[in-house]
Amino acid sequence: MAKVIEGLYYSESHEFVKVAGNTGYIGITDYAQHALGNIVYVDMPEVDDEVEVNEDFGAIESVKAASDLKSPVSGKVIEVNEALEDEPGLLNKDAFGNWIIKVELSDTSELKDLMDAKAYEEFCAK
Amino acid sequence: MTNKRTCLYDKHVALGAQMTPFAGFDMPIQYTGIIDEHNAVREHCGVFDVSHMGEVMVSGPEADKYINHIFTNDVTGLPAGKVLYGMLCYPDGGVVDDTCICKLDEQLFLMTINAANIDKDMAWIEQNGKGFNVVIENKSDAYGQLAIQGPEAEEKMEKVLGLACKDLKFYEVKQQEKDGEKVIVSRTGYTGEDGFEVYGTPGYIVKAWDKLMDAGVKPCGLGCRDTLRFEVGLPLYGDELSDKISPVMAGLSMFVKFDKEEFIGKEALLRQKTEGVTRRLRGIELEGNAIPRHGYKVLKDGKEVGEVTTGYRLISTEKSCAVALVDAAIKMGDSVEVQIRKKTFPGTIVKKKFYEKHYKK
């Protein structure tokens with residue numbers, strides 16, 4: 001059973017955002033890493049790139065296939081998780097513990113369109 | 001339409017396999033993970049359910065002559081107990097399917113064909129069997145099939161399944177009686193490792209699977225079947241061979257016997273061989289970690305020169321590699337780029353075999 005964490009915001013394409021003040025930590029959920037299988041490459045944007053809500057900001061590659069990463073929020077990239085460049089498998093070990101990009105949120109009202117933990121859990125169970 | 005299931009479907013589900021539709025079947029992609037299943041086959045032993053593959057029996061006084069008519073390789077004088085790989089081609093040299101043909105006995109052949117192609121192949125081989133004194137039977141539903149692969153495969157075959165196989169050489173086949181059933185065993189596979197393929201009734205295959213599971217042999221899914229075959233340069237129909245990609249373009253002319261009197265596609269393939277082809281398959285090794293996938297564009301000096309047929313981050317060597325169909329002017333050692341999403345990544349043209357095979361010959 002995939003893990004879901006309270007207090008995060010979730011998208012239907014299985015990304016999460018953890019919000020701290022005006023900063024959003026974006027990653028993929030435990031459900032997503034499980035469905036993808038062994039992750040071998042993470043294609044990340046660069047610092048200062050703008051990401052748009054529901055737009056691709058990169059890709060995750062499992063052994064088998066590439067999956068686009070969709071941003072659950074808009075904002076400016078202030079950091080990328082460089083540890084994933086050398087060890088993409090960290091996402092399999094702990095998806096929630098390894099955010100992919102850190103963004104400065106440009107519109108916090110977008111968060112209300114995302115799911116909370118309970119709604120996401122139900123969404124995954126469907 | 002619902003997908004077909006192999007005789008082992010319930011076993012896969014009980015093992016927690018990730019199931020996916022493949023060639024009209026619900027098949028296991030992986031059980032625990034593609035990487036550890038891949039490594040199990042390279043280092044120890046793994047078992048694949050390949051019961052979705054099609055089996056066609058060809059028998060009769062003109063079986064040899066008929067096989068030679070539809071098949072690019074040559075069964076003339078082939079002793080019973082030998083296996084040959086080759087293709088069924090269209091008159092224009094395009095490929096209907098690639099197949100292993102086992103000569104089980106005089107006038108008796110078993111052809112193993114790709115699951116996705118069963119209906120198409122049957123129509124083709126029946127249509128081209130007219131006028132030959134042969135019996136062609138689609139036995140795909142009557143047989144289950146296991147592939148037991150890896151350096152410890154021989155030991156598992158002998159000790160766990162009690163199937164005599166020590167004396168079988170690479171690309172040899174033998175029918176044997178086991179538990180009152182006829183079982184066909186060949187020393188063949190699709191992984192680049194030593195290994196065997198076992199054909200039997202669904203009932204026998206389920207029993208054999210259970211024994212292998214009890215003995216701790218690792219169940220392996222189609223995910224690592226593809227990574228294993230790709231690393232050692234084995235083609236997959238639909239990627240490296242198709243009605244548009246001939247064996248000559250694929251660099252597989254060694255399985256086309258031009259000295260045979262005739263076979264379907266001979267003239268076209270001979271022309272390709274002597275006059276050259278416009279595109280051919282090449283290996284590419286990429287710099288960096290990005291992964292080339294089927295359909296991605298290959299560029300040289302910014303100009304499109306072909307596209308990727310299969311690509312992976314190789315599990316055995318941790319390099320990003322592709323096989324691509326590119327302009328014939330592209331040669332070994334050339335620098336090219338592969339377009340991956342919005343960026344291009346540099347690479348070098350190399351041999352299609354990225355990892356050495358470990359067959360027991």
# chains A, B, ... in the order shown; residues from 1 in each chain; ligands from 1
$ interface_residues --of "chain B" --to "chain A" --cutoff "7 Å" --atoms "only C-alpha atoms" --output "VMD selection string"
chain B and resid 33 to 35 223 289 to 290 312 to 313
$ residues_around --residues "A:Cys124" --least-positions-apart "2" --cutoff "12 Å" --atoms "only C-alpha atoms" --output "PyMOL selection string"
chain A and resi 1-4+10-14+29-32+35+115+117-122+126
$ write_last_selection --atoms "C-alpha atoms" --output "PDB file, in the first residue's frame"
ATOM      1  CA  MET A   1       0.000   0.000   0.000  1.00  0.00           C
ATOM      2  CA  ALA A   2       1.442   3.335  -1.039  1.00  0.00           C
ATOM      3  CA  LYS A   3       2.204   5.846   1.674  1.00  0.00           C
ATOM      4  CA  VAL A   4       0.378   9.195   1.842  1.00  0.00           C
ATOM      5  CA  TYR A  10      -1.372  16.424  -4.179  1.00  0.00           C
ATOM      6  CA  SER A  11      -2.029  16.531  -7.916  1.00  0.00           C
ATOM      7  CA  GLU A  12      -3.882  14.020 -10.074  1.00  0.00           C
ATOM      8  CA  SER A  13      -0.628  13.339 -11.933  1.00  0.00           C
ATOM      9  CA  HIS A  14       0.902  12.162  -8.628  1.00  0.00           C
ATOM     10  CA  THR A  29       4.393  10.587  -4.469  1.00  0.00           C
ATOM     11  CA  ASP A  30       5.112   7.147  -3.117  1.00  0.00           C
ATOM     12  CA  TYR A  31       2.303   5.855  -5.336  1.00  0.00           C
ATOM     13  CA  ALA A  32       4.089   7.302  -8.381  1.00  0.00           C
ATOM     14  CA  ALA A  35       4.022   2.579 -10.295  1.00  0.00           C
ATOM     15  CA  MET A 115      -6.014  17.438  -3.151  1.00  0.00           C
ATOM     16  CA  ALA A 117      -3.980  13.633   1.849  1.00  0.00           C
ATOM     17  CA  LYS A 118      -7.424  12.110   2.363  1.00  0.00           C
ATOM     18  CA  ALA A 119      -8.717  13.085  -1.075  1.00  0.00           C
ATOM     19  CA  TYR A 120      -5.499  11.839  -2.697  1.00  0.00           C
ATOM     20  CA  GLU A 121      -5.686   8.528  -0.907  1.00  0.00           C
ATOM     21  CA  GLU A 122      -9.229   8.070  -2.228  1.00  0.00           C
ATOM     22  CA  LYS A 126     -10.054   4.307  -7.513  1.00  0.00           C
TER      23      LYS A 126
END
$ closest_residue --among "A:Val103, A:Leu90, A:Val77, A:Ile60" --to "A:Asn22" --atoms "only C-alpha atoms"
A:Val103
$ residues_around --residues "B:Thr348" --least-positions-apart "3" --cutoff "7 Å" --atoms "only C-alpha atoms" --output "ChimeraX atom specification"
/B:284-286,333-336
$ write_last_selection --atoms "C-alpha atoms" --output "compact mmCIF listing (two decimals), in the first residue's frame"
# COMPACT_ATOMS: atom_id res chain seq x y z
CA ILE B 284 24.74 4.58 -30.25
CA GLU B 285 26.42 5.18 -26.94
CA LEU B 286 25.35 8.47 -25.39
CA GLY B 333 32.75 6.00 -34.75
CA ASP B 334 30.70 8.90 -36.14
CA SER B 335 29.46 11.55 -33.73
CA VAL B 336 25.71 12.01 -33.65
$ residues_around --residues "stretch 44-47 of chain A" --least-positions-apart "2" --cutoff "12 Å" --atoms "only C-alpha atoms" --output "MDAnalysis selection string"
(chainID A and resid 26:27 41:42 49:51 56:61 68:71 75:85 88 99:104) or (chainID B and resid 290 341:343)
$ closest_residue --among "A:Leu91, A:Leu8, A:Leu105, A:Ala125" --to "A:Val53" --atoms "only C-alpha atoms"
A:Leu105
